[in-house]
file work-v6.csv (CSV, C-alpha atoms)
chain,number,residue,atom,x,y,z
A,3,MET,CA,5.6,-14.6,0.9
A,4,ARG,CA,5.3,-15.9,4.4
A,5,TYR,CA,1.5,-15.5,4.4
A,6,ALA,CA,1.3,-17.6,1.2
A,7,PHE,CA,3.3,-20.3,2.8
A,8,LEU,CA,1.2,-20.1,5.9
A,9,ALA,CA,-1.9,-20.6,3.8
A,10,LEU,CA,-0.4,-23.7,2.3
A,11,SER,CA,0.5,-25.1,5.8
A,12,VAL,CA,-3.0,-24.9,7.4
A,13,VAL,CA,-2.6,-28.7,8.0
A,14,ALA,CA,-0.2,-27.8,10.7
A,15,LEU,CA,-2.9,-26.0,12.7
A,16,ALA,CA,-5.3,-28.9,13.2
A,17,GLY,CA,-4.2,-29.5,16.8
A,18,LEU,CA,-4.5,-25.9,18.0
A,19,CYS,CA,-8.3,-25.8,18.9
A,20,GLY,CA,-9.7,-24.7,22.2
A,21,CYS,CA,-9.1,-21.0,21.6
A,22,ALA,CA,-11.2,-18.1,22.6
A,23,ARG,CA,-13.7,-16.6,20.1
A,24,SER,CA,-16.1,-13.7,19.7
A,25,ARG,CA,-19.5,-13.2,18.1
A,26,ILE,CA,-20.6,-9.6,17.7
A,27,THR,CA,-24.1,-8.6,16.6
A,28,THR,CA,-25.3,-5.2,15.5
A,29,GLU,CA,-29.0,-4.7,15.2
A,30,ILE,CA,-30.3,-1.6,13.5
A,31,LYS,CA,-33.9,-0.7,14.5
A,32,ALA,CA,-36.4,1.6,13.0
A,33,GLY,CA,-35.4,5.2,13.7
A,34,GLY,CA,-31.7,4.5,13.8
A,35,THR,CA,-31.4,3.1,17.3
A,36,TRP,CA,-28.9,0.2,17.3
A,37,THR,CA,-28.1,-2.5,19.8
A,38,ARG,CA,-24.6,-4.0,20.1
A,39,THR,CA,-24.4,-7.5,21.6
A,40,ASP,CA,-21.0,-9.0,22.2
A,41,PHE,CA,-20.4,-12.6,23.0
A,42,PHE,CA,-16.9,-13.6,24.3
A,43,THR,CA,-16.3,-17.3,24.8
A,44,GLY,CA,-13.2,-19.1,26.1
A,45,GLN,CA,-11.7,-20.9,29.0
A,46,GLU,CA,-11.7,-19.7,32.5
A,47,LYS,CA,-8.3,-18.9,34.0
A,48,LYS,CA,-7.0,-22.0,35.8
A,49,GLU,CA,-3.6,-22.9,37.3
A,50,GLY,CA,-1.4,-24.8,34.9
A,51,GLN,CA,-3.7,-24.0,31.9
A,52,MET,CA,-1.8,-23.9,28.6
A,53,THR,CA,-4.3,-22.0,26.5
A,54,PRO,CA,-5.2,-18.3,27.3
A,55,SER,CA,-8.4,-17.6,29.2
A,56,VAL,CA,-11.1,-15.4,27.7
A,57,ASP,CA,-10.0,-12.3,29.7
A,58,GLU,CA,-6.4,-12.9,28.6
A,59,VAL,CA,-7.4,-12.8,25.0
A,60,PHE,CA,-10.0,-9.9,25.1
A,61,LEU,CA,-10.2,-6.6,26.9
A,62,LEU,CA,-13.8,-7.0,27.8
A,63,PRO,CA,-16.3,-4.0,27.5
A,64,SER,CA,-17.0,-2.3,30.7
A,65,GLY,CA,-18.7,0.8,32.0
A,66,ALA,CA,-22.2,2.0,33.0
A,67,GLU,CA,-23.5,1.9,29.4
A,68,TRP,CA,-22.9,-1.9,29.2
A,69,LYS,CA,-25.1,-4.6,30.6
A,70,SER,CA,-23.1,-7.8,31.1
A,71,VAL,CA,-24.0,-11.4,32.1
A,72,SER,CA,-21.8,-14.5,32.2
A,73,SER,CA,-22.4,-18.2,32.0
A,74,LYS,CA,-20.3,-21.3,32.4
A,75,THR,CA,-20.2,-24.9,31.2
A,76,ASP,CA,-17.8,-27.7,31.9
A,77,LYS,CA,-15.6,-26.6,29.0
A,78,ASP,CA,-15.8,-22.8,28.8
A,79,SER,CA,-17.1,-19.5,30.0
A,80,THR,CA,-19.1,-16.9,28.0
A,81,ILE,CA,-19.5,-13.2,28.8
A,82,VAL,CA,-22.3,-11.3,27.0
A,83,ALA,CA,-22.1,-7.5,26.9
A,84,GLU,CA,-25.0,-5.4,25.5
A,85,ARG,CA,-25.4,-1.7,24.8
A,86,THR,CA,-27.9,0.5,23.0
A,87,LEU,CA,-26.7,3.4,20.9
A,88,HIS,CA,-28.2,5.9,18.4
A,89,ALA,CA,-27.6,6.9,14.8
A,90,GLY,CA,-24.4,8.9,14.6
A,91,ASP,CA,-22.9,7.4,17.7
A,92,ASP,CA,-19.3,6.1,17.4
A,93,LEU,CA,-18.3,3.0,19.5
A,94,LYS,CA,-14.6,2.3,19.8
A,95,GLY,CA,-12.8,-0.8,21.2
A,96,ASP,CA,-15.7,-3.0,22.3
A,97,LEU,CA,-13.7,-5.7,20.4
A,98,SER,CA,-10.1,-5.4,21.7
A,99,ILE,CA,-7.8,-8.3,21.3
A,100,LYS,CA,-4.6,-8.4,23.4
A,101,ALA,CA,-1.2,-8.9,22.1
A,102,ASP,CA,0.0,-9.2,25.7
A,103,ALA,CA,-1.0,-7.8,29.1
A,104,ASP,CA,-0.1,-4.2,28.2
A,105,LYS,CA,-0.6,-4.0,24.4
A,106,MET,CA,-3.4,-4.5,21.9
A,107,GLN,CA,-3.2,-6.6,18.8
A,108,LEU,CA,-6.5,-5.5,17.2
A,109,VAL,CA,-9.2,-2.9,18.1
A,110,ASN,CA,-12.4,-1.9,16.3
A,111,ASP,CA,-14.3,1.3,15.6
A,112,VAL,CA,-18.0,1.0,14.6
A,113,THR,CA,-20.7,3.6,13.8
A,114,VAL,CA,-24.2,3.7,12.3
A,115,LYS,CA,-24.9,6.8,10.4
A,116,ARG,CA,-28.2,8.1,8.9
A,117,LEU,CA,-28.0,8.6,5.2
A,118,ALA,CA,-31.7,9.3,4.6
A,119,PRO,CA,-34.8,9.3,6.8
A,120,HIS,CA,-35.0,5.5,6.8
A,121,ARG,CA,-31.6,4.6,5.4
A,122,PHE,CA,-28.5,3.9,7.5
A,123,GLU,CA,-24.9,2.9,7.0
A,124,TYR,CA,-23.1,0.4,9.2
A,125,ARG,CA,-19.4,0.8,9.1
A,126,GLU,CA,-16.9,-1.1,11.3
A,127,THR,CA,-13.1,-0.9,10.9
A,128,LEU,CA,-10.7,-3.4,12.4
A,129,SER,CA,-7.3,-1.9,13.0
A,130,TRP,CA,-4.1,-3.8,13.6
A,131,LYS,CA,-2.1,-2.4,16.6
A,132,ALA,CA,0.7,-5.0,16.6
A,133,PRO,CA,3.6,-4.7,14.1
A,134,ARG,CA,2.3,-5.0,10.6
A,135,GLY,CA,3.0,-8.2,8.7
A,136,ASP,CA,6.2,-8.0,6.5
A,137,ILE,CA,5.3,-9.5,3.1
A,138,GLY,CA,9.0,-9.2,2.2
A,139,GLU,CA,10.0,-11.6,4.9
A,140,ILE,CA,11.0,-14.7,3.1
A,141,LYS,CA,13.1,-17.6,4.3
A,142,PRO,CA,16.0,-18.7,2.1
A,143,GLU,CA,14.4,-22.1,1.3
A,144,GLN,CA,11.2,-20.4,0.3
A,145,LEU,CA,13.1,-18.0,-2.0
A,146,ASP,CA,14.8,-21.1,-3.5
A,147,LEU,CA,11.5,-22.8,-4.1
A,148,ILE,CA,10.0,-19.8,-5.9
A,149,ARG,CA,13.2,-19.3,-8.0
A,150,ALA,CA,13.3,-23.0,-9.0
A,151,ALA,CA,9.6,-22.9,-10.0
A,152,LEU,CA,10.0,-19.9,-12.3
A,153,PRO,CA,11.3,-20.2,-15.9
A,154,LYS,CA,15.1,-19.5,-15.7
A,155,PRO,CA,15.0,-16.2,-17.7
A,156,LEU,CA,12.4,-14.8,-15.2
A,157,ALA,CA,14.0,-16.2,-12.0
A,158,THR,CA,15.7,-12.9,-11.0
A,159,ASP,CA,15.8,-11.7,-7.4
A,160,ALA,CA,13.6,-8.8,-8.3
A,161,ASN,CA,11.0,-11.0,-9.9
A,162,VAL,CA,11.0,-13.5,-7.0
A,163,HIS,CA,10.5,-10.8,-4.4
A,164,GLY,CA,7.9,-9.1,-6.6
A,165,LEU,CA,5.9,-12.3,-6.9
A,166,ALA,CA,6.1,-12.9,-3.2
A,167,ALA,CA,4.6,-9.5,-2.5
A,168,ARG,CA,1.8,-10.0,-4.9
A,169,VAL,CA,0.8,-13.4,-3.7
A,170,SER,CA,1.0,-12.4,0.0
A,171,THR,CA,-1.4,-9.5,-0.5
A,172,LEU,CA,-3.9,-11.7,-2.3
A,173,VAL,CA,-3.6,-14.7,0.0
A,174,VAL,CA,-4.3,-12.9,3.3
A,175,PRO,CA,-8.1,-12.7,2.9
A,176,LEU,CA,-8.2,-16.3,1.6
A,177,MET,CA,-6.4,-17.5,4.7
A,178,PHE,CA,-7.9,-15.2,7.4
A,179,GLY,CA,-11.1,-13.8,5.8
A,180,PRO,CA,-13.5,-12.0,5.7
A,181,GLY,CA,-15.3,-14.7,3.8
A,182,ASP,CA,-14.6,-18.4,4.2
A,183,PRO,CA,-11.2,-18.5,5.9
A,184,LEU,CA,-9.0,-21.5,5.1
A,185,LEU,CA,-7.6,-21.3,8.6
A,186,ALA,CA,-11.0,-22.3,10.0
A,187,LEU,CA,-11.2,-25.3,7.7
A,188,GLY,CA,-7.7,-26.3,8.6
A,189,LEU,CA,-8.7,-26.6,12.3
A,190,MET,CA,-11.5,-29.0,11.6
A,191,HIS,CA,-10.5,-31.0,8.4
A,192,PRO,CA,-6.8,-30.5,7.5
A,193,ASP,CA,-6.9,-32.8,4.5
A,194,LEU,CA,-9.8,-30.9,3.0
A,195,ALA,CA,-8.1,-27.7,3.9
A,196,GLU,CA,-5.0,-28.8,1.9
A,197,ARG,CA,-7.2,-29.5,-1.1
A,198,ARG,CA,-9.0,-26.2,-0.8
A,199,ALA,CA,-5.7,-24.4,-0.4
A,200,SER,CA,-4.5,-26.0,-3.6
A,201,GLN,CA,-7.6,-24.8,-5.5
A,202,ARG,CA,-7.7,-21.3,-4.1
A,203,ILE,CA,-4.0,-20.5,-3.8
A,204,GLY,CA,-3.5,-21.9,-7.2
A,205,THR,CA,-6.0,-19.4,-8.6
A,206,VAL,CA,-4.4,-16.5,-6.7
A,207,MET,CA,-0.9,-17.4,-7.9
A,208,MET,CA,-2.1,-17.7,-11.5
A,209,LYS,CA,-3.5,-14.1,-11.3
A,210,ALA,CA,-0.3,-12.9,-9.6
A,211,LEU,CA,1.9,-14.4,-12.4
A,212,GLU,CA,-0.3,-12.9,-15.1
A,213,ASP,CA,-0.2,-9.5,-13.5
A,214,GLN,CA,3.6,-9.6,-13.0
A,215,PHE,CA,4.8,-11.2,-16.2
A,216,GLY,CA,2.0,-10.8,-18.7
A,217,ASP,CA,2.7,-12.5,-22.0
A,218,LYS,CA,6.3,-13.3,-20.9
A,219,MET,CA,4.8,-16.5,-19.5
A,220,SER,CA,2.3,-18.7,-21.3
A,221,VAL,CA,-0.7,-20.2,-19.5
A,222,ASP,CA,1.0,-23.6,-19.4
A,223,GLU,CA,4.2,-22.1,-17.9
A,224,ARG,CA,2.1,-20.3,-15.2
A,225,LYS,CA,0.3,-23.5,-14.4
A,226,GLN,CA,3.6,-25.4,-14.2
A,227,THR,CA,5.1,-22.8,-11.9
A,228,VAL,CA,2.0,-22.9,-9.6
A,229,ARG,CA,2.1,-26.7,-9.3
A,230,LYS,CA,5.8,-26.6,-8.4
A,231,VAL,CA,5.3,-24.0,-5.7
A,232,ILE,CA,2.2,-25.7,-4.2
A,233,ALA,CA,3.8,-29.1,-4.2
A,234,GLY,CA,7.0,-27.8,-2.6
A,235,SER,CA,5.1,-25.8,0.0
A,236,PHE,CA,3.0,-28.8,1.1
A,237,ALA,CA,6.1,-31.0,1.3
A,238,SER,CA,7.9,-28.5,3.6
A,239,ALA,CA,4.8,-27.6,5.6
A,240,ARG,CA,4.0,-31.0,7.1
A,241,PRO,CA,3.9,-30.6,10.9
A,242,SER,CA,6.5,-32.2,13.1
A,243,GLN,CA,5.9,-33.6,16.6
A,244,PRO,CA,6.1,-31.0,19.3
A,245,ASP,CA,9.2,-30.9,21.5
A,246,PRO,CA,8.2,-31.8,25.1
A,247,SER,CA,11.2,-30.1,26.4
A,248,ALA,CA,10.1,-26.7,24.9
A,249,GLY,CA,7.6,-26.1,27.6
A,250,PRO,CA,4.1,-24.7,27.2
A,251,PRO,CA,3.3,-22.5,24.2
A,252,ASP,CA,3.6,-18.7,24.5
A,253,LYS,CA,0.1,-17.5,25.3
A,254,SER,CA,0.7,-14.2,23.5
A,255,SER,CA,1.0,-16.1,20.2
A,256,SER,CA,-2.4,-17.8,20.6
A,257,SER,CA,-4.5,-14.8,19.8
A,258,GLY,CA,-4.0,-15.4,16.1
A,259,LEU,CA,-6.4,-18.4,16.5
A,260,THR,CA,-9.3,-16.2,17.7
A,261,PRO,CA,-12.3,-16.8,15.4
A,262,LEU,CA,-14.4,-13.6,15.0
A,263,MET,CA,-18.0,-13.4,13.7
A,264,PHE,CA,-19.8,-10.1,13.0
A,265,ILE,CA,-23.5,-10.2,12.3
A,266,LEU,CA,-25.8,-7.3,11.1
A,267,LYS,CA,-29.5,-7.5,11.7
A,268,THR,CA,-32.3,-5.2,10.7
A,269,PRO,CA,-36.1,-5.4,10.5
A,270,GLY,CA,-35.9,-3.8,7.1
A,271,ARG,CA,-33.8,-4.8,4.1
A,272,VAL,CA,-30.2,-4.8,3.2
A,273,VAL,CA,-29.5,-2.4,0.3
A,274,SER,CA,-25.8,-3.2,-0.1
A,275,SER,CA,-23.0,-4.9,1.8
A,276,ASN,CA,-19.4,-6.3,1.5
A,277,GLY,CA,-20.4,-9.2,3.8
A,278,GLU,CA,-22.2,-12.4,3.1
A,279,MET,CA,-26.0,-12.5,3.1
A,280,ASP,CA,-28.0,-15.2,4.8
A,281,GLU,CA,-31.2,-15.4,2.8
A,282,PHE,CA,-33.1,-17.4,5.4
A,283,THR,CA,-32.5,-15.0,8.3
A,284,GLY,CA,-32.1,-11.8,6.4
A,285,GLU,CA,-28.8,-11.2,8.2
A,286,VAL,CA,-25.4,-10.2,6.9
A,287,PHE,CA,-22.3,-11.8,8.4
A,288,TRP,CA,-18.5,-11.6,8.2
A,289,ALA,CA,-16.3,-14.5,9.4
A,290,LEU,CA,-12.6,-13.8,9.9
A,291,PHE,CA,-9.5,-14.1,12.1
A,292,PRO,CA,-7.6,-11.1,13.5
A,293,GLU,CA,-4.7,-11.5,11.0
A,294,ALA,CA,-7.1,-10.4,8.3
A,295,ALA,CA,-6.1,-6.9,9.3
A,296,SER,CA,-2.4,-7.5,9.7
A,297,LEU,CA,-1.4,-6.0,6.3
A,298,ASN,CA,-4.2,-3.5,5.9
A,299,ASP,CA,-7.2,-2.5,8.1
A,300,VAL,CA,-10.4,-4.3,7.3
A,301,THR,CA,-13.7,-2.4,7.0
A,302,LEU,CA,-17.1,-4.1,7.1
A,303,THR,CA,-19.9,-2.1,5.6
A,304,ALA,CA,-23.6,-2.3,4.9
A,305,VAL,CA,-26.4,0.0,4.0
A,306,VAL,CA,-29.9,-0.8,5.3
A,307,GLU,CA,-33.4,0.5,5.0
A,308,THR,CA,-35.7,0.3,8.1
A,309,PRO,CA,-39.5,0.3,8.2
A,310,GLU,CA,-41.3,3.6,8.6

call {"tool": "encode", "arguments": {"input": "work-v6.csv", "output": "structure tokens"}}
result
Amino acid sequence: MRYAFLALSVVALAGLCGCARSRITTEIKAGGTWTRTDFFTGQEKKEGQMTPSVDEVFLLPSGAEWKSVSSKTDKDSTIVAERTLHAGDDLKGDLSIKADADKMQLVNDVTVKRLAPHRFEYRETLSWKAPRGDIGEIKPEQLDLIRAALPKPLATDANVHGLAARVSTLVVPLMFGPGDPLLALGLMHPDLAERRASQRIGTVMMKALEDQFGDKMSVDERKQTVRKVIAGSFASARPSQPDPSAGPPDKSSSSGLTPLMFILKTPGRVVSSNGEMDEFTGEVFWALFPEAASLNDVTLTAVVETPE
């Protein structure tokens, strides 16, 4: 249930901007050649800096196959790495996010395969290398909140833990993407994020209650339970002032605020995809944060047809 409560506490994340980010574009051309262009943006490493630098967050692509350039502004540094591949090639780890200096948190594996003479499949899998999220990890006060919200005959330990597992599994994509991650909204407009969380998490919880209890709970009882959980979660999730004596934040914990954007381009047409279509550019995109893969690997797919 901890992810459900995390989603309901996006307001606490409003002050944690300034993190590194990545935008990765895959362009499939006629004949199946594809170009991979990776943008990595973040702060340069400086003495006394509290947020991690771009090369502390990402293991940057390297090797003779890659062409890399960098640019700087007063606020950040951007490294652009580009490589050309062919249909059937498999590229691993050009997006690698560090958990610490020696271990990875997230790595990718991407390929473009030929399905027919002018039809190709793009498939990219994001794999979580840090310990998986534990959807059964619930604080006592959270258990109490869930138990108090359920009708008494249904408020058993088994039901409370079962509901927590269901909601957590459904909430992860709402919070971290792919799609329209609540976390991103929470960084820019926490009050609106709170309202969106109420809307979206409410819908998710209604579905979880229906799946778990069926006709044992009426629609009104489900709504009342959802209202109690959301209200209690918001009340307990209000951020407190940071403790100045605690010292700077742990850099290794900052990678969870790493916005990721994947873009697929083609001169032809998109036949199918599990991403979002931009009708004006003809591109497909996926927006997410690394924790989207923390319970299960995330796979981005699209099938395209290129010109003759």

call {"tool": "closest_residue", "arguments": {"input": "work-v6.csv", "among": "A:Arg25, A:Arg197, A:Arg168, A:His191", "to": "A:Lys209", "atoms": "all atoms listed in the file"}}
result
A:Arg168

call {"tool": "residues_near_point", "arguments": {"input": "work-v6.csv", "point": "(-1.2, -15.2, -12.4)", "cutoff": "12 Å", "atoms": "all atoms listed in the file", "output": "MDAnalysis selection string"}}
result
chainID A and resid 165:166 168:169 172 203:228

call {"tool": "atom_distance", "arguments": {"input": "work-v6.csv", "atom1": "atom CA of A:Thr28", "atom2": "atom CA of A:Thr268"}}
result
8.5 Å

call {"tool": "closest_atom_pairs", "arguments": {"input": "work-v6.csv", "of": "stretch 22-81 of chain A", "to": "stretch 108-126 of chain A", "cutoff": "9 Å", "atoms": "only C-alpha atoms", "output": "JSON lines"}}
result
{"residue": "A:Thr28", "atom": "CA", "partner": "A:Tyr124", "partner_atom": "CA", "distance": 8.7}
{"residue": "A:Ile30", "atom": "CA", "partner": "A:Val114", "partner_atom": "CA", "distance": 8.2}
{"residue": "A:Ala32", "atom": "CA", "partner": "A:His120", "partner_atom": "CA", "distance": 7.5}
{"residue": "A:Gly33", "atom": "CA", "partner": "A:His120", "partner_atom": "CA", "distance": 6.9}
{"residue": "A:Gly34", "atom": "CA", "partner": "A:Arg116", "partner_atom": "CA", "distance": 7.0}
{"residue": "A:Thr35", "atom": "CA", "partner": "A:Val114", "partner_atom": "CA", "distance": 8.8}
{"residue": "A:Trp36", "atom": "CA", "partner": "A:Val114", "partner_atom": "CA", "distance": 7.7}

call {"tool": "closest_residue", "arguments": {"input": "work-v6.csv", "among": "A:Ala195, A:Ala151, A:Ala294, A:Ile81", "to": "A:Ser24", "atoms": "only C-alpha atoms"}}
result
A:Ile81

call {"tool": "atom_distance", "arguments": {"input": "work-v6.csv", "atom1": "atom CA of A:Phe60", "atom2": "atom CA of A:Gly284"}}
result
29.0 Å

call {"tool": "atom_distance", "arguments": {"input": "work-v6.csv", "atom1": "atom CA of A:Leu128", "atom2": "atom CA of A:Ser72"}}
result
25.3 Å

call {"tool": "closest_residue", "arguments": {"input": "work-v6.csv", "among": "A:Leu87, A:Ala22, A:Val272, A:Ala289", "to": "A:Val56", "atoms": "only C-alpha atoms"}}
result
A:Ala22

call {"tool": "closest_residue", "arguments": {"input": "work-v6.csv", "among": "A:Ser64, A:Thr43, A:Thr260, A:Thr80", "to": "A:Pro292", "atoms": "only C-alpha atoms"}}
result
A:Thr260
